[in-house]
4 protein chains.
Amino acid sequence: MLSEFKRGCSSLFILSALVANAAAADTRREIRFPDIPGYKTIVADFHTHTVFSDGLVWPTVRMDEAWREGIDAIAVTDHIEYQPHKKYVSDDHNASYEVALPTAQRKNIMLIKGTEITRDTPPGHFNAVFISDVDPIDTPKFLEAVEAAIDQGGFVFWNHPGWQGPKKGSWKRVHDRLHKKKWLGGIEVLNAENYYPEAHQWCLDKGLAMLGNSDFHAPSMRHHTVTGDHRALTLVFVKEFTQDGVKEALNDARTAAWGQDRMIGRKEHLGPLFDASIQVFPAHFEDRNNLWVEIENSSHLTYKLKRTGDKGPGTITINADARVIVRVENVSGNGDITLEYEAENVLIAPGEAMPVTLTIPR
Amino acid sequence: MLSEFKRGCSSLFILSALVANAAAADTRREIRFPDIPGYKTIVADFHTHTVFSDGLVWPTVRMDEAWREGIDAIAVTDHIEYQPHKKYVSDDHNASYEVALPTAQRKNIMLIKGTEITRDTPPGHFNAVFISDVDPIDTPKFLEAVEAAIDQGGFVFWNHPGWQGPKKGSWKRVHDRLHKKKWLGGIEVLNAENYYPEAHQWCLDKGLAMLGNSDFHAPSMRHHTVTGDHRALTLVFVKEFTQDGVKEALNDARTAAWGQDRMIGRKEHLGPLFDASIQVFPAHFEDRNNLWVEIENSSHLTYKLKRTGDKGPGTITINADARVIVRVENVSGNGDITLEYEAENVLIAPGEAMPVTLTIPR
Amino acid sequence: MLSEFKRGCSSLFILSALVANAAAADTRREIRFPDIPGYKTIVADFHTHTVFSDGLVWPTVRMDEAWREGIDAIAVTDHIEYQPHKKYVSDDHNASYEVALPTAQRKNIMLIKGTEITRDTPPGHFNAVFISDVDPIDTPKFLEAVEAAIDQGGFVFWNHPGWQGPKKGSWKRVHDRLHKKKWLGGIEVLNAENYYPEAHQWCLDKGLAMLGNSDFHAPSMRHHTVTGDHRALTLVFVKEFTQDGVKEALNDARTAAWGQDRMIGRKEHLGPLFDASIQVFPAHFEDRNNLWVEIENSSHLTYKLKRTGDKGPGTITINADARVIVRVENVSGNGDITLEYEAENVLIAPGEAMPVTLTIPR
Amino acid sequence: MLSEFKRGCSSLFILSALVANAAAADTRREIRFPDIPGYKTIVADFHTHTVFSDGLVWPTVRMDEAWREGIDAIAVTDHIEYQPHKKYVSDDHNASYEVALPTAQRKNIMLIKGTEITRDTPPGHFNAVFISDVDPIDTPKFLEAVEAAIDQGGFVFWNHPGWQGPKKGSWKRVHDRLHKKKWLGGIEVLNAENYYPEAHQWCLDKGLAMLGNSDFHAPSMRHHTVTGDHRALTLVFVKEFTQDGVKEALNDARTAAWGQDRMIGRKEHLGPLFDASIQVFPAHFEDRNNLWVEIENSSHLTYKLKRTGDKGPGTITINADARVIVRVENVSGNGDITLEYEAENVLIAPGEAMPVTLTIPR
């Protein structure tokens, strides 16, 4: 009741117009990524914590944050085995979901039920999402815990594989077992600010979903989501935006991980995403040797391009949700002009930038 | 222990990209206003200065600024009679246009040739735009100067009518003469931070175009255009985006003036603009007495709504380029739900907020 | 050619550090207010909530926030009677203090033990701070609860007196009783964004401390404290910065409430604070009729001055932590020049701006 | 009361204090660097352009910018030989100084008369500052031009030595001749975003002043100066802040160049600057094995420290104008505790970080 009152009064004098608009607790700015042929692009965070394990916020805060940051789907995944607040906070494993749900419904956020299975490395930490009840997963033997999640129709992925060093966090026999049983659906290639190239390769080799998640414990202090400063997120390319639709996309590894100004994924998804995001306009001005074209990026990822072909400037930065003008020299002939580049911040394999083509219509 | 780990990872580079992206000189962020039925919506500034009169920048700077701020068309309108830099800078009245043009072409900005006819009040200051040669307009008699502009096909408007006080800046016999000769096409209802309600009424009474212009003398320090902090601008509703198209729209008074978080204009344009900007989604959640709906504003103007009907919250702020969730109480029946409001920051006459309707589809 | 080169060098990373630096969780930016003669100026928030009542954060978060926002002392004041999280969170009234204390010690924040006594209006809500044990205060009769706090050496103040409307929130017989017993030490004249002018007058009339507090329930999203965008805060003018020193200052009503760009208090404190904050330099330039002087504001409050005397500009804004140049016209004679103003945003009584003098040394 | 509340709500769309205050043309925020023993620290930009050569602003704009960015002294150094605006703008070499001077006086900015001698590389471009008349310097032979500047008491430095590549920009016989004649007083080790390590070494070897300058052609878009985003600047350690005092310091090579978050100079100046900037407080909390201390940085440079000794965290970032808390492990004994680090972003020679000591008083 008091907090209801406070909510009514909230955020009057916050920062500038720039920030103020975004800052209002009731304001959401969408994350802009276009759909790709055959799939709708949605944005999710499958790894967050609350006071019910070692997080520092009430579960509803995670819904408020997701709303204002433009996130479509979120999982609250409190640790089963690690509950440092237990002296004061209930150890009911299903509580954080129950508490968050009414807010998720009012905020129109898809809340995915989940938990974190937290074991010494190896095997390491795993998240189970799309589960129905955490209690059966609270069992001492690791493989039995995973099986309990799978039995509920859950999707299980390996969290931050490298966080205790590349040696401890490497692919071990237990991961082989999970993989052979088809219990391991994906791996975090991004966790918070950390990218794990080995995990990127494992996902490519074994057909696993790549995930990027915030693993938030503290409150999020972002008003909305922007390139180069945002929580780590997973793009999911869904047939339909339902709980089943998201799970089907994860099981089919139709995901990409977005971290700061970097996108990690597969060429089959990120190529179409680039093409849907970038519009090259016809030249608006020409002189004897040069032409000038505008290029628009309607996505939330700033693209940093490096020339691989023989035409166009050496580098082009096309900022998120913005336009750039490019001067192209030594153009001749009448057909469309094709500029060959690679997107240095779009990795389709460890160390491998995605090749892209800019076609100037004539 | 995990939260310890997370704390160690806390990012030093939070929030930087937001500003960094916008700062790049080569980056443009579009001003977003949707088209309205029958017309394309473009954004223009018809009043700026350079070193060729009393401005402080080289003419090309005005093109660079327009580009990065998302402006479509701009006039450089140096004073004919007031040239304090004459000791050092050419008094060639056509120079600022000539200097600016090559940059305008490369930046894809529509550069409109113009000048400011600067006389004591009354009559006051007037801009002539869409002219071809400033020299014939440099003539001592005021009406002859205006006639010279009209003879070139120019569009003439009255600048900042109230800037020397409401008495000096009032509608006088000379303005009647201009109006009767059909030489006066419009009036600045906004100049920089100043709104002139009397001018708003004169435009309504006499069928004149309402203009909002920056009257910039110093460099613009904005990286891009946002609600609540932007130069004063004119929205023009054009049949086609050409010099003739913009002039035709001015002559037909199809304009609105946008100042900070306020829009000044006519209901026939601002009503359709609201409807094109605002999307009300079907309720995403309902309980026994309430429903929750998302409303999206795809324009660059934050709308501040105040209830005039019997349903919906007392006020709704729908931030620019953002979504809000509204809870509607005491809903019954099955048909679409209609909420009656007025947009307090959209003035369709002095002191008159525009009535709007939000329809929740069911 | 050279300018072409420079253009090529233009930085993509402009303006990022401003925000990035502030964002680091481990960084604190001090709130700058100078000491005044006889007293050290410290900044406190005596009203915040956590998950242990209806707040949304773990108690340690309030310490992290206070650290990075430059706050010196803070009280966590969870409701005794209103505990909507009780199903999941302990109702131990002393828990939020216990949980917060180790973080407060490591962050060098003075944590003041407190609680909120939450009764229907009248009497309304009251905070008791500098108490040792909340349990004895959890008693049904209101006056007994207050007495229990007083018995512990607590300082009791009335929260947001107007929040349920001016009628319900007015000074009633129960407040007279508290006052006569010397149990009421102060009143919130500011709570979050709300200023209560009646409460300001009551404090003046009855010699009570004026408080400004955040009443935070949600996470704070501010990186540091700035004029015009900060949580409501109380300036306390202490003889020594200890728990006893702060309490002594409260009991002596040596406080002011700082809300957005407004300071509410008494002339005896805010006059010296102005004088300690503002430095007027000797004129750095003169011509026949004018002189130019720099004025520096070394405090965190932007001063908005309006001329009441016969010299100086009509208004002067001296931004927080910044300098302004003022031109003074028609100066004659040789002695110091005295400019008479009032600080429009420093209220020493409801509707009464504080008179100030700017003395230009010659 | 309700209307009081509404009024409280009304300013949602005012610009923030942060942006609005900084944006006011009349506001200056000082660049904070402490003085060092024996010398006052001032901040200067010795290289800027205006419309009188290939710059894009009227000379007064450079004064306005310097004022609001907190700069103490500035030179306008238009090219003698390169004047692309000559068709429209006077080629009077002394004009930009004359135009700028009255504004400099009113803004209390020290305006240093200068010019750029612009020759093909080698020798390259040179600035002459503290001159009295540019005309005699406009002479075809390079050495005669330099001599004319020296004859006026000018200080001559080499601009951006590497901007046409390391080979063209290397130290040649002509530079030896200048050096032997004692005509070359310094070199830009920083120009805009570019750092020239070779030039850093030349300055160390030959006892020359190191300069960091903006070389601005376009308008500055910064509201004030911050770490990590500011124009390149020169710190000058002066005996007195007069034109002669600044020149004496340049001739004695008592300078450092500040670029983004990097400081380039000599240990004899940057060591004392660090010590004057950084305050280590006594431990505010200890447990059996650890102590916690606050460290304050009262300068405008963020220090990035890397441990070289055996105590303290591996890295410490002490943000500009901010505090950090450091936990030190395994402390024993009673005396002061000494932590050995190097400041990675303070270069006292190419590739050589400055060693620093943090002493925790006990």
# chains A, B, ... in the order shown; residues from 1 in each chain; ligands from 1

$ residues_around --residues "segment 283-298 of chain A" --least-positions-apart "2" --cutoff "6 Å" --atoms "only C-alpha atoms" --output "PDB file with all heavy atoms, in the first residue's frame"
ATOM      1  N   SER A 277      18.579  -5.950 -41.190  1.00  0.00           N
ATOM      2  CA  SER A 277      18.865  -4.758 -40.382  1.00  0.00           C
ATOM      3  C   SER A 277      19.381  -3.594 -41.199  1.00  0.00           C
ATOM      4  O   SER A 277      19.188  -2.440 -40.834  1.00  0.00           O
ATOM      5  CB  SER A 277      19.918  -5.091 -39.303  1.00  0.00           C
ATOM      6  OG  SER A 277      19.472  -6.104 -38.449  1.00  0.00           O
ATOM      7  N   ILE A 278      20.066  -3.906 -42.293  1.00  0.00           N
ATOM      8  CA  ILE A 278      20.814  -2.893 -43.018  1.00  0.00           C
ATOM      9  C   ILE A 278      20.129  -2.563 -44.337  1.00  0.00           C
ATOM     10  O   ILE A 278      19.844  -3.458 -45.143  1.00  0.00           O
ATOM     11  CB  ILE A 278      22.256  -3.395 -43.294  1.00  0.00           C
ATOM     12  CG1 ILE A 278      22.979  -3.669 -41.973  1.00  0.00           C
ATOM     13  CG2 ILE A 278      23.022  -2.402 -44.165  1.00  0.00           C
ATOM     14  CD1 ILE A 278      23.205  -2.457 -41.106  1.00  0.00           C
ATOM     15  N   GLN A 279      19.885  -1.272 -44.556  1.00  0.00           N
ATOM     16  CA  GLN A 279      19.346  -0.838 -45.841  1.00  0.00           C
ATOM     17  C   GLN A 279      20.348   0.112 -46.501  1.00  0.00           C
ATOM     18  O   GLN A 279      20.735   1.121 -45.910  1.00  0.00           O
ATOM     19  CB  GLN A 279      18.006  -0.130 -45.648  1.00  0.00           C
ATOM     20  CG  GLN A 279      17.413   0.339 -46.980  1.00  0.00           C
ATOM     21  CD  GLN A 279      16.044   0.987 -46.832  1.00  0.00           C
ATOM     22  OE1 GLN A 279      15.587   1.197 -45.716  1.00  0.00           O
ATOM     23  NE2 GLN A 279      15.417   1.300 -47.948  1.00  0.00           N
ATOM     24  N   VAL A 280      20.753  -0.226 -47.718  1.00  0.00           N
ATOM     25  CA  VAL A 280      21.635   0.650 -48.486  1.00  0.00           C
ATOM     26  C   VAL A 280      20.764   1.409 -49.486  1.00  0.00           C
ATOM     27  O   VAL A 280      20.077   0.795 -50.303  1.00  0.00           O
ATOM     28  CB  VAL A 280      22.717  -0.149 -49.233  1.00  0.00           C
ATOM     29  CG1 VAL A 280      23.674   0.792 -49.957  1.00  0.00           C
ATOM     30  CG2 VAL A 280      23.463  -1.073 -48.277  1.00  0.00           C
ATOM     31  N   PHE A 281      20.806   2.725 -49.426  1.00  0.00           N
ATOM     32  CA  PHE A 281      19.980   3.529 -50.326  1.00  0.00           C
ATOM     33  C   PHE A 281      20.720   3.741 -51.650  1.00  0.00           C
ATOM     34  O   PHE A 281      21.945   3.623 -51.705  1.00  0.00           O
ATOM     35  CB  PHE A 281      19.670   4.874 -49.681  1.00  0.00           C
ATOM     36  CG  PHE A 281      18.759   4.772 -48.506  1.00  0.00           C
ATOM     37  CD1 PHE A 281      19.270   4.576 -47.225  1.00  0.00           C
ATOM     38  CD2 PHE A 281      17.381   4.847 -48.661  1.00  0.00           C
ATOM     39  CE1 PHE A 281      18.433   4.459 -46.127  1.00  0.00           C
ATOM     40  CE2 PHE A 281      16.536   4.742 -47.574  1.00  0.00           C
ATOM     41  CZ  PHE A 281      17.063   4.538 -46.304  1.00  0.00           C
ATOM     42  N   ALA A 320      23.992   1.653 -34.263  1.00  0.00           N
ATOM     43  CA  ALA A 320      22.662   1.119 -34.003  1.00  0.00           C
ATOM     44  C   ALA A 320      21.625   2.212 -34.200  1.00  0.00           C
ATOM     45  O   ALA A 320      21.807   3.336 -33.737  1.00  0.00           O
ATOM     46  CB  ALA A 320      22.597   0.581 -32.580  1.00  0.00           C
ATOM     47  N   ASP A 321      20.544   1.872 -34.892  1.00  0.00           N
ATOM     48  CA  ASP A 321      19.403   2.767 -35.020  1.00  0.00           C
ATOM     49  C   ASP A 321      19.833   4.125 -35.589  1.00  0.00           C
ATOM     50  O   ASP A 321      19.408   5.176 -35.114  1.00  0.00           O
ATOM     51  CB  ASP A 321      18.761   2.955 -33.638  1.00  0.00           C
ATOM     52  CG  ASP A 321      17.367   3.530 -33.727  1.00  0.00           C
ATOM     53  OD1 ASP A 321      16.765   3.462 -34.807  1.00  0.00           O
ATOM     54  OD2 ASP A 321      16.888   4.072 -32.717  1.00  0.00           O
ATOM     55  N   ALA A 322      20.686   4.094 -36.594  1.00  0.00           N
ATOM     56  CA  ALA A 322      21.252   5.338 -37.114  1.00  0.00           C
ATOM     57  C   ALA A 322      21.641   5.142 -38.575  1.00  0.00           C
ATOM     58  O   ALA A 322      21.529   4.049 -39.129  1.00  0.00           O
ATOM     59  CB  ALA A 322      22.468   5.747 -36.290  1.00  0.00           C
ATOM     60  N   ARG A 323      22.056   6.241 -39.194  1.00  0.00           N
ATOM     61  CA  ARG A 323      22.522   6.211 -40.565  1.00  0.00           C
ATOM     62  C   ARG A 323      23.953   6.686 -40.666  1.00  0.00           C
ATOM     63  O   ARG A 323      24.416   7.503 -39.870  1.00  0.00           O
ATOM     64  CB  ARG A 323      21.686   7.165 -41.430  1.00  0.00           C
ATOM     65  CG  ARG A 323      20.302   6.670 -41.710  1.00  0.00           C
ATOM     66  CD  ARG A 323      19.628   7.551 -42.754  1.00  0.00           C
ATOM     67  NE  ARG A 323      18.244   7.131 -42.889  1.00  0.00           N
ATOM     68  CZ  ARG A 323      17.434   7.487 -43.870  1.00  0.00           C
ATOM     69  NH1 ARG A 323      17.868   8.323 -44.812  1.00  0.00           N
ATOM     70  NH2 ARG A 323      16.206   7.046 -43.919  1.00  0.00           N
ATOM     71  N   VAL A 324      24.634   6.204 -41.686  1.00  0.00           N
ATOM     72  CA  VAL A 324      25.959   6.686 -41.993  1.00  0.00           C
ATOM     73  C   VAL A 324      25.984   7.013 -43.490  1.00  0.00           C
ATOM     74  O   VAL A 324      25.194   6.467 -44.263  1.00  0.00           O
ATOM     75  CB  VAL A 324      27.024   5.625 -41.621  1.00  0.00           C
ATOM     76  CG1 VAL A 324      26.971   4.438 -42.552  1.00  0.00           C
ATOM     77  CG2 VAL A 324      28.406   6.226 -41.577  1.00  0.00           C
ATOM     78  N   ILE A 325      26.857   7.948 -43.874  1.00  0.00           N
ATOM     79  CA  ILE A 325      27.070   8.202 -45.297  1.00  0.00           C
ATOM     80  C   ILE A 325      28.429   7.662 -45.679  1.00  0.00           C
ATOM     81  O   ILE A 325      29.419   7.866 -44.976  1.00  0.00           O
ATOM     82  CB  ILE A 325      26.994   9.711 -45.615  1.00  0.00           C
ATOM     83  CG1 ILE A 325      25.540  10.182 -45.579  1.00  0.00           C
ATOM     84  CG2 ILE A 325      27.598  10.006 -46.991  1.00  0.00           C
ATOM     85  CD1 ILE A 325      25.354  11.658 -45.831  1.00  0.00           C
ATOM     86  N   VAL A 326      28.466   6.948 -46.789  1.00  0.00           N
ATOM     87  CA  VAL A 326      29.707   6.350 -47.271  1.00  0.00           C
ATOM     88  C   VAL A 326      30.008   6.924 -48.645  1.00  0.00           C
ATOM     89  O   VAL A 326      29.125   7.029 -49.495  1.00  0.00           O
ATOM     90  CB  VAL A 326      29.565   4.810 -47.326  1.00  0.00           C
ATOM     91  CG1 VAL A 326      30.688   4.184 -48.136  1.00  0.00           C
ATOM     92  CG2 VAL A 326      29.526   4.254 -45.915  1.00  0.00           C
ATOM     93  N   ARG A 327      31.271   7.305 -48.834  1.00  0.00           N
ATOM     94  CA  ARG A 327      31.720   7.741 -50.159  1.00  0.00           C
ATOM     95  C   ARG A 327      32.450   6.575 -50.810  1.00  0.00           C
ATOM     96  O   ARG A 327      33.333   5.971 -50.203  1.00  0.00           O
ATOM     97  CB  ARG A 327      32.667   8.938 -50.016  1.00  0.00           C
ATOM     98  CG  ARG A 327      33.196   9.464 -51.346  1.00  0.00           C
ATOM     99  CD  ARG A 327      33.930  10.786 -51.163  1.00  0.00           C
ATOM    100  NE  ARG A 327      35.098  10.641 -50.317  1.00  0.00           N
ATOM    101  CZ  ARG A 327      36.339  10.466 -50.776  1.00  0.00           C
ATOM    102  NH1 ARG A 327      36.584  10.418 -52.079  1.00  0.00           N
ATOM    103  NH2 ARG A 327      37.348  10.338 -49.939  1.00  0.00           N
ATOM    104  N   VAL A 328      32.049   6.235 -52.005  1.00  0.00           N
ATOM    105  CA  VAL A 328      32.691   5.142 -52.739  1.00  0.00           C
ATOM    106  C   VAL A 328      33.423   5.741 -53.929  1.00  0.00           C
ATOM    107  O   VAL A 328      32.843   6.480 -54.722  1.00  0.00           O
ATOM    108  CB  VAL A 328      31.652   4.096 -53.203  1.00  0.00           C
ATOM    109  CG1 VAL A 328      32.335   2.926 -53.898  1.00  0.00           C
ATOM    110  CG2 VAL A 328      30.825   3.612 -52.026  1.00  0.00           C
ATOM    111  N   GLU A 329      34.712   5.416 -54.024  1.00  0.00           N
ATOM    112  CA  GLU A 329      35.562   5.989 -55.074  1.00  0.00           C
ATOM    113  C   GLU A 329      35.633   5.072 -56.283  1.00  0.00           C
ATOM    114  O   GLU A 329      35.404   3.872 -56.200  1.00  0.00           O
ATOM    115  CB  GLU A 329      36.997   6.169 -54.543  1.00  0.00           C
ATOM    116  CG  GLU A 329      37.109   7.151 -53.405  1.00  0.00           C
ATOM    117  CD  GLU A 329      38.524   7.173 -52.845  1.00  0.00           C
ATOM    118  OE1 GLU A 329      39.344   6.315 -53.225  1.00  0.00           O
ATOM    119  OE2 GLU A 329      38.795   8.046 -52.004  1.00  0.00           O
ATOM    120  N   ASN A 330      36.015   5.679 -57.395  1.00  0.00           N
ATOM    121  CA  ASN A 330      36.371   4.921 -58.597  1.00  0.00           C
ATOM    122  C   ASN A 330      35.281   3.959 -59.039  1.00  0.00           C
ATOM    123  O   ASN A 330      35.504   2.787 -59.289  1.00  0.00           O
ATOM    124  CB  ASN A 330      37.672   4.128 -58.365  1.00  0.00           C
ATOM    125  CG  ASN A 330      38.805   5.056 -57.985  1.00  0.00           C
ATOM    126  OD1 ASN A 330      38.922   6.149 -58.553  1.00  0.00           O
ATOM    127  ND2 ASN A 330      39.608   4.638 -57.035  1.00  0.00           N
TER     128      ASN A 330
END

$ residues_around --residues "Trp258 of chain C" --least-positions-apart "5" --cutoff "8 Å" --atoms "only C-alpha atoms" --output "list of chain:residue names"
C:Leu190, C:Gly212, C:Ala232, C:Leu233, C:Thr234, C:Leu235, C:Met263, C:Ile264

$ interface_residues --of "chain D" --to "chain B" --cutoff "6 Å" --atoms "only C-alpha atoms" --output "list in words"
Phe13, Leu56, Val57, Trp58, Tyr88, Val89, Ser90 and Met221 of chain D

$ calpha_fit_rmsd --fixed "chain D" --moving "chain B"
2.5 Å

$ residues_around --residues "Asp275 of chain C" --least-positions-apart "6" --cutoff "9 Å" --atoms "only C-alpha atoms" --output "ChimeraX atom specification"
/C:36,356-358
